[in-house]
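Text of the file input34.pdb, holding PDB, C-alpha atoms:
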ATOM      1  CA  MET A   1      52.736 206.409  47.495
ATOM      2  CA  SER A   2      49.773 204.935  49.385
ATOM      3  CA  ASN A   3      49.864 202.254  52.039
ATOM      4  CA  LEU A   4      47.355 199.478  52.620
ATOM      5  CA  ASN A   5      46.906 197.324  55.713
ATOM      6  CA  LYS A   6      43.975 194.973  55.144
ATOM      7  CA  ALA A   7      43.409 191.349  56.064
ATOM      8  CA  LEU A   8      40.618 189.125  54.718
ATOM      9  CA  LEU A   9      40.265 185.687  56.297
ATOM     10  CA  ILE A  10      37.760 182.846  56.305
ATOM     11  CA  GLY A  11      38.272 180.238  58.987
ATOM     12  CA  ARG A  12      36.880 178.407  61.988
ATOM     13  CA  LEU A  13      37.103 179.515  65.596
ATOM     14  CA  THR A  14      39.630 177.405  67.495
ATOM     15  CA  LYS A  15      37.946 178.056  70.863
ATOM     16  CA  ASP A  16      35.042 180.048  72.281
ATOM     17  CA  PRO A  17      35.555 183.834  72.132
ATOM     18  CA  GLU A  18      36.526 185.672  75.332
ATOM     19  CA  MET A  19      34.980 189.076  76.012
ATOM     20  CA  ARG A  20      36.541 191.550  78.449
ATOM     21  CA  TYR A  21      36.168 195.251  79.153
ATOM     22  CA  THR A  22      38.773 198.021  79.023
ATOM     23  CA  PRO A  23      39.131 200.271  82.086
ATOM     24  CA  SER A  24      36.925 202.808  80.270
ATOM     25  CA  GLY A  25      34.170 200.184  79.821
ATOM     26  CA  THR A  26      34.633 199.334  76.125
ATOM     27  CA  ALA A  27      33.940 195.686  75.274
ATOM     28  CA  VAL A  28      36.784 193.762  73.611
ATOM     29  CA  THR A  29      36.461 190.193  72.339
ATOM     30  CA  ASN A  30      39.495 188.021  71.593
ATOM     31  CA  PHE A  31      39.312 184.823  69.579
ATOM     32  CA  SER A  32      41.431 182.763  67.219
ATOM     33  CA  ILE A  33      40.633 181.226  63.876
ATOM     34  CA  ALA A  34      42.322 178.516  61.857
ATOM     35  CA  THR A  35      42.684 178.753  58.084
ATOM     36  CA  ASN A  36      43.760 175.980  55.710
ATOM     37  CA  ARG A  37      45.941 176.043  52.641
ATOM     38  CA  TRP A  38      47.161 173.333  50.318
ATOM     39  CA  SER A  39      50.625 172.904  48.840
ATOM     40  CA  SER A  40      52.702 170.222  47.185
ATOM     41  CA  GLY A  41      55.218 168.377  49.302
ATOM     42  CA  PRO A  42      58.780 167.516  48.216
ATOM     43  CA  GLU A  43      57.593 164.371  46.413
ATOM     44  CA  GLY A  44      54.633 166.078  44.713
ATOM     45  CA  GLU A  45      51.955 164.908  47.173
ATOM     46  CA  ARG A  46      49.275 167.407  48.188
ATOM     47  CA  LYS A  47      49.675 168.541  51.776
ATOM     48  CA  GLU A  48      47.332 170.585  53.904
ATOM     49  CA  PHE A  49      48.727 173.294  56.182
ATOM     50  CA  THR A  50      46.848 175.123  58.924
ATOM     51  CA  ASP A  51      47.602 178.691  60.026
ATOM     52  CA  TYR A  52      46.266 180.251  63.222
ATOM     53  CA  HIS A  53      45.282 183.914  63.551
ATOM     54  CA  ASN A  54      44.529 185.950  66.686
ATOM     55  CA  ILE A  55      41.543 188.254  66.176
ATOM     56  CA  VAL A  56      40.440 191.236  68.296
ATOM     57  CA  ALA A  57      36.971 192.805  67.949
ATOM     58  CA  TYR A  58      36.088 196.073  69.691
ATOM     59  CA  ASN A  59      32.818 197.840  70.257
ATOM     60  CA  ALA A  60      33.170 201.115  68.382
ATOM     61  CA  GLY A  61      30.548 203.829  68.445
ATOM     62  CA  LYS A  62      27.129 202.262  67.901
ATOM     63  CA  ARG A  63      28.642 199.052  66.474
ATOM     64  CA  ASN A  64      28.609 196.350  69.123
ATOM     65  CA  LEU A  65      30.919 194.045  67.183
ATOM     66  CA  ALA A  66      32.695 192.650  70.276
ATOM     67  CA  GLU A  67      29.418 191.793  71.999
ATOM     68  CA  ILE A  68      27.864 190.244  68.873
ATOM     69  CA  VAL A  69      30.885 188.027  68.208
ATOM     70  CA  ALA A  70      30.998 186.892  71.856
ATOM     71  CA  GLN A  71      27.275 186.151  71.920
ATOM     72  CA  TYR A  72      26.752 184.466  68.548
ATOM     73  CA  THR A  73      29.924 182.467  67.840
ATOM     74  CA  ARG A  74      31.427 179.370  69.389
ATOM     75  CA  LYS A  75      34.353 177.038  68.775
ATOM     76  CA  GLY A  76      34.067 175.586  65.275
ATOM     77  CA  ALA A  77      31.987 178.423  63.804
ATOM     78  CA  LEU A  78      32.917 179.449  60.257
ATOM     79  CA  VAL A  79      33.502 183.207  60.006
ATOM     80  CA  TYR A  80      34.709 185.805  57.533
ATOM     81  CA  ILE A  81      36.983 188.438  59.082
ATOM     82  CA  GLU A  82      37.906 191.747  57.532
ATOM     83  CA  GLY A  83      40.346 193.962  59.380
ATOM     84  CA  ARG A  84      43.884 195.260  59.723
ATOM     85  CA  ILE A  85      47.093 193.623  60.911
ATOM     86  CA  GLN A  86      48.641 195.013  64.079
ATOM     87  CA  THR A  87      51.784 194.002  65.975
ATOM     88  CA  ARG A  88      52.164 194.893  69.652
ATOM     89  CA  SER A  89      55.242 194.680  71.885
ATOM     90  CA  TRP A  90      55.471 194.681  75.667
ATOM     91  CA  GLU A  91      57.685 193.515  78.475
ATOM     92  CA  GLY A  92      56.441 190.475  80.358
ATOM     93  CA  GLN A  93      56.496 190.087  84.140
ATOM     94  CA  ASP A  94      59.629 187.998  83.726
ATOM     95  CA  GLY A  95      61.387 190.943  82.040
ATOM     96  CA  GLN A  96      61.361 189.315  78.593
ATOM     97  CA  LYS A  97      60.240 191.305  75.560
ATOM     98  CA  ARG A  98      57.086 189.881  73.995
ATOM     99  CA  ARG A  99      55.442 190.466  70.611
ATOM    100  CA  THR A 100      52.167 189.425  69.106
ATOM    101  CA  THR A 101      50.583 189.997  65.732
ATOM    102  CA  GLU A 102      46.808 190.091  65.551
ATOM    103  CA  ILE A 103      43.987 191.094  63.251
ATOM    104  CA  ILE A 104      41.866 194.014  64.479
ATOM    105  CA  ALA A 105      38.441 193.148  63.057
ATOM    106  CA  ASN A 106      36.347 195.808  61.327
ATOM    107  CA  ASP A 107      33.782 193.301  60.077
ATOM    108  CA  VAL A 108      32.832 189.770  61.102
ATOM    109  CA  GLN A 109      30.328 187.741  59.106
ATOM    110  CA  PHE A 110      28.952 184.425  60.296
ATOM    111  CA  LEU A 111      29.113 181.979  57.389
ATOM    112  CA  ASP A 112      27.526 178.869  58.853
ATOM    113  CA  SER A 113      23.989 178.415  57.618
ATOM    114  CA  ARG A 114      21.321 178.350  60.274
ATOM    115  CA  SER A 115      20.785 174.642  59.738
ATOM    116  CA  SER A 116      24.441 173.565  59.676
ATOM    117  CA  GLY A 117      25.347 174.889  63.125
ATOM    118  CA  GLY A 118      28.916 175.854  63.838
ATOM    119  CA  GLY A 119      28.042 178.825  65.933
ATOM    120  CA  GLY A 120      25.363 180.129  68.087
ATOM    121  CA  GLY A 121      24.497 180.466  71.608
ATOM    122  CA  GLY A 122      21.196 182.041  72.380
ATOM    123  CA  THR A 123      18.037 182.526  70.454
ATOM    124  CA  GLY A 124      17.367 185.212  67.951
ATOM    125  CA  GLY A 125      19.988 187.591  66.666
ATOM    126  CA  PRO A 126      21.196 191.128  66.971
ATOM    127  CA  ALA A 127      18.488 193.666  66.309
ATOM    128  CA  ASP A 128      20.092 195.136  63.208
ATOM    129  CA  GLY A 129      21.892 192.030  61.931
ATOM    130  CA  VAL A 130      25.284 193.640  62.440
ATOM    131  CA  ALA A 131      28.577 192.295  62.521
ATOM    132  CA  ARG A 132      27.714 193.605  59.018
ATOM    133  CA  GLY A 133      25.852 191.109  56.890
ATOM    134  CA  SER A 134      26.131 188.413  59.497
ATOM    135  CA  ARG A 135      23.783 185.519  59.840
ATOM    136  CA  THR A 136      22.832 184.589  63.352
ATOM    137  CA  PRO A 137      21.252 181.457  64.776
ATOM    138  CA  ALA A 138      17.487 181.434  65.109
ATOM    139  CA  SER A 139      16.951 178.761  67.743
ATOM    140  CA  ASP A 140      18.557 176.543  70.356
ATOM    141  CA  ASP A 141      17.912 173.400  68.293
ATOM    142  CA  ILE A 142      20.851 174.104  65.986
ATOM    143  CA  PRO A 143      23.257 171.137  65.775
ATOM    144  CA  ALA A 144      26.482 171.420  67.749
ATOM    145  CA  PRO A 145      29.614 172.618  65.907
ATOM    146  CA  ASP A 146      30.847 169.016  65.765
ATOM    147  CA  ASP A 147      27.977 168.249  63.347
ATOM    148  CA  ALA A 148      29.006 170.964  60.894
ATOM    149  CA  PRO A 149      31.218 170.246  57.883
ATOM    150  CA  ARG A 150      34.584 171.886  58.337
ATOM    151  CA  ASP A 151      38.019 172.221  56.856
ATOM    152  CA  VAL A 152      39.642 172.101  60.311
ATOM    153  CA  ASP A 153      38.428 169.765  63.023
ATOM    154  CA  PRO A 154      38.577 171.920  66.186
ATOM    155  CA  ASP A 155      39.444 168.792  68.202
ATOM    156  CA  ASP A 156      42.692 168.515  66.209
ATOM    157  CA  ILE A 157      43.823 171.999  67.286
ATOM    158  CA  PRO A 158      46.516 171.651  69.961
ATOM    159  CA  PHE A 159      45.227 174.398  72.274
TER     160      PHE A 159
END
Conversion result in structure tokens:
Amino acid sequence: MSNLNKALLIGRLTKDPEMRYTPSGTAVTNFSIATNRWSSGPEGERKEFTDYHNIVAYNAGKRNLAEIVAQYTRKGALVYIEGRIQTRSWEGQDGQKRRTTEIIANDVQFLDSRSSGGGGGGTGGPADGVARGSRTPASDDIPAPDDAPRDVDPDDIPF
């Protein structure tokens, strides 16, 4: 019997990505996205629910995924994430056991069009267009993420 661990998500960044480096010098970028789903409430009314997902992107080999995500995305950017689900456990400084579940990204695609904003920082884009099939901003005159249509208003996110 085969096993499969694959996550596919489309959502908006809940805050700007944070890039750090491992002791060996590998770049790691952490960010969170919010996804929406609709369901019927107890009285038949449509209700929207928001789920939050922690994402981790590493630089691996010649793929600079962590650096590209940190450079070209911002809070509110619409992204497609493909990766695997991983749960880690550790003991906190207070002696309590902690657990977190996160998505380890293999692929990140930027879904905001160049004119709708939602992401972007600098000018230009990565030389080879990677984060595989990603679209990157072309100029600094892109509207701020608040101008972009979205399913989740980043200002409504409680963190």
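Interatomic distance, CA of Glu67 (chain A) against CA of Leu111 (chain A): 17.6 Å.
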Hits from the PyMOL selection byres ((chain A and resi 77-92) around 9), listed as a ChimeraX atom specification
/A:4-14,33,55,73-76,93-112,117-120,145,148,150
Taking only C-alpha atoms into account, name the residue in A:Asn3, A:Asp51, A:Asn64, A:Pro42 that is nearest to Thr26 (chain A).
A:Asn64
Please write the residues picked by the PyMOL selection byres ((chain A and resi 53) around 6) on this file as a VMD selection string.
chain A and resid 32 to 33 52 54
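Counting from CA of Gly61 (chain A), the distance to CA of Ala34 (chain A) is 28.7 Å.
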Go through A:Tyr72, A:Tyr58, A:Phe49, A:Tyr21 and flag the residue nearest Asn36 (chain A), using only C-alpha atoms for the distances.
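Between A:Tyr72, A:Tyr58, A:Phe49, A:Tyr21, the residue approaching Asn36 (chain A) most closely is A:Phe49.
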Provide the CA of Ala66 (chain A) to CA of Ser24 (chain A) distance in Å, to one decimal place.
14.9 Å
Find, counting all atoms listed in the file, the residue in A:Trp38, A:Glu43, A:Asn30, A:Ala70 that gets nearest to Val56 (chain A).
A:Asn30
All file atoms of region 90-99 of chain A boxed axis-aligned, 3 Å per side, centre plus edges, as JSON:
{"center_x": 58.4, "center_y": 191.3, "center_z": 77.4, "size_x": 11.9, "size_y": 12.7, "size_z": 19.5}
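With all atoms listed in the file as the atoms that count, the residue of A:Arg46, A:Ser113, A:Val69, A:Ser39 with the shortest distance to Ala27 (chain A) is A:Val69.
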A:Pro17, A:Ala60, A:Gly41, A:Gln71 ranked by distance to Thr29 (chain A), top pick (using only C-alpha atoms):
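The shortest atom-to-atom distance to Thr29 (chain A) comes from A:Pro17.
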Could you add the missing atoms to region 101-116 of chain A, up to N, CA and C atoms, and return them as an mmCIF file, keeping the file's coordinate frame?
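Now in rebuild-v9.cif:
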data_model
loop_
_atom_site.group_PDB
_atom_site.id
_atom_site.type_symbol
_atom_site.label_atom_id
_atom_site.label_comp_id
_atom_site.auth_asym_id
_atom_site.auth_seq_id
_atom_site.Cartn_x
_atom_site.Cartn_y
_atom_site.Cartn_z
ATOM 1 N N THR A 101 51.215 189.421 66.915
ATOM 2 C CA THR A 101 50.583 189.997 65.732
ATOM 3 C C THR A 101 49.147 189.507 65.714
ATOM 4 N N GLU A 102 48.227 190.431 65.517
ATOM 5 C CA GLU A 102 46.808 190.091 65.551
ATOM 6 C C GLU A 102 46.062 190.871 64.478
ATOM 7 N N ILE A 103 44.873 190.415 64.197
ATOM 8 C CA ILE A 103 43.987 191.094 63.251
ATOM 9 C C ILE A 103 42.964 191.869 64.070
ATOM 10 N N ILE A 104 42.884 193.179 63.845
ATOM 11 C CA ILE A 104 41.866 194.014 64.479
ATOM 12 C C ILE A 104 40.673 194.016 63.525
ATOM 13 N N ALA A 105 39.594 193.354 63.939
ATOM 14 C CA ALA A 105 38.441 193.148 63.057
ATOM 15 C C ALA A 105 37.629 194.426 62.898
ATOM 16 N N ASN A 106 37.296 194.743 61.648
ATOM 17 C CA ASN A 106 36.347 195.808 61.327
ATOM 18 C C ASN A 106 34.989 195.217 60.998
ATOM 19 N N ASP A 107 34.990 193.966 60.530
ATOM 20 C CA ASP A 107 33.782 193.301 60.077
ATOM 21 C C ASP A 107 33.924 191.813 60.354
ATOM 22 N N VAL A 108 32.884 191.217 60.891
ATOM 23 C CA VAL A 108 32.832 189.770 61.102
ATOM 24 C C VAL A 108 31.501 189.292 60.546
ATOM 25 N N GLN A 109 31.554 188.319 59.655
ATOM 26 C CA GLN A 109 30.328 187.741 59.106
ATOM 27 C C GLN A 109 30.296 186.266 59.473
ATOM 28 N N PHE A 110 29.134 185.807 59.913
ATOM 29 C CA PHE A 110 28.952 184.425 60.296
ATOM 30 C C PHE A 110 28.545 183.651 59.051
ATOM 31 N N LEU A 111 29.333 182.665 58.664
ATOM 32 C CA LEU A 111 29.113 181.979 57.389
ATOM 33 C C LEU A 111 28.380 180.659 57.508
ATOM 34 N N ASP A 112 28.281 180.106 58.700
ATOM 35 C CA ASP A 112 27.526 178.869 58.853
ATOM 36 C C ASP A 112 26.064 179.147 58.573
ATOM 37 N N SER A 113 25.425 178.240 57.822
ATOM 38 C CA SER A 113 23.989 178.415 57.618
ATOM 39 C C SER A 113 23.272 178.097 58.918
ATOM 40 N N ARG A 114 22.080 178.570 59.043
ATOM 41 C CA ARG A 114 21.321 178.350 60.274
ATOM 42 C C ARG A 114 21.138 176.872 60.555
ATOM 43 N N SER A 115 21.038 176.062 59.522
ATOM 44 C CA SER A 115 20.785 174.642 59.738
ATOM 45 C C SER A 115 22.048 173.826 59.928
ATOM 46 N N SER A 116 23.227 174.374 59.567
ATOM 47 C CA SER A 116 24.441 173.565 59.676
ATOM 48 C C SER A 116 25.160 173.758 60.988
#
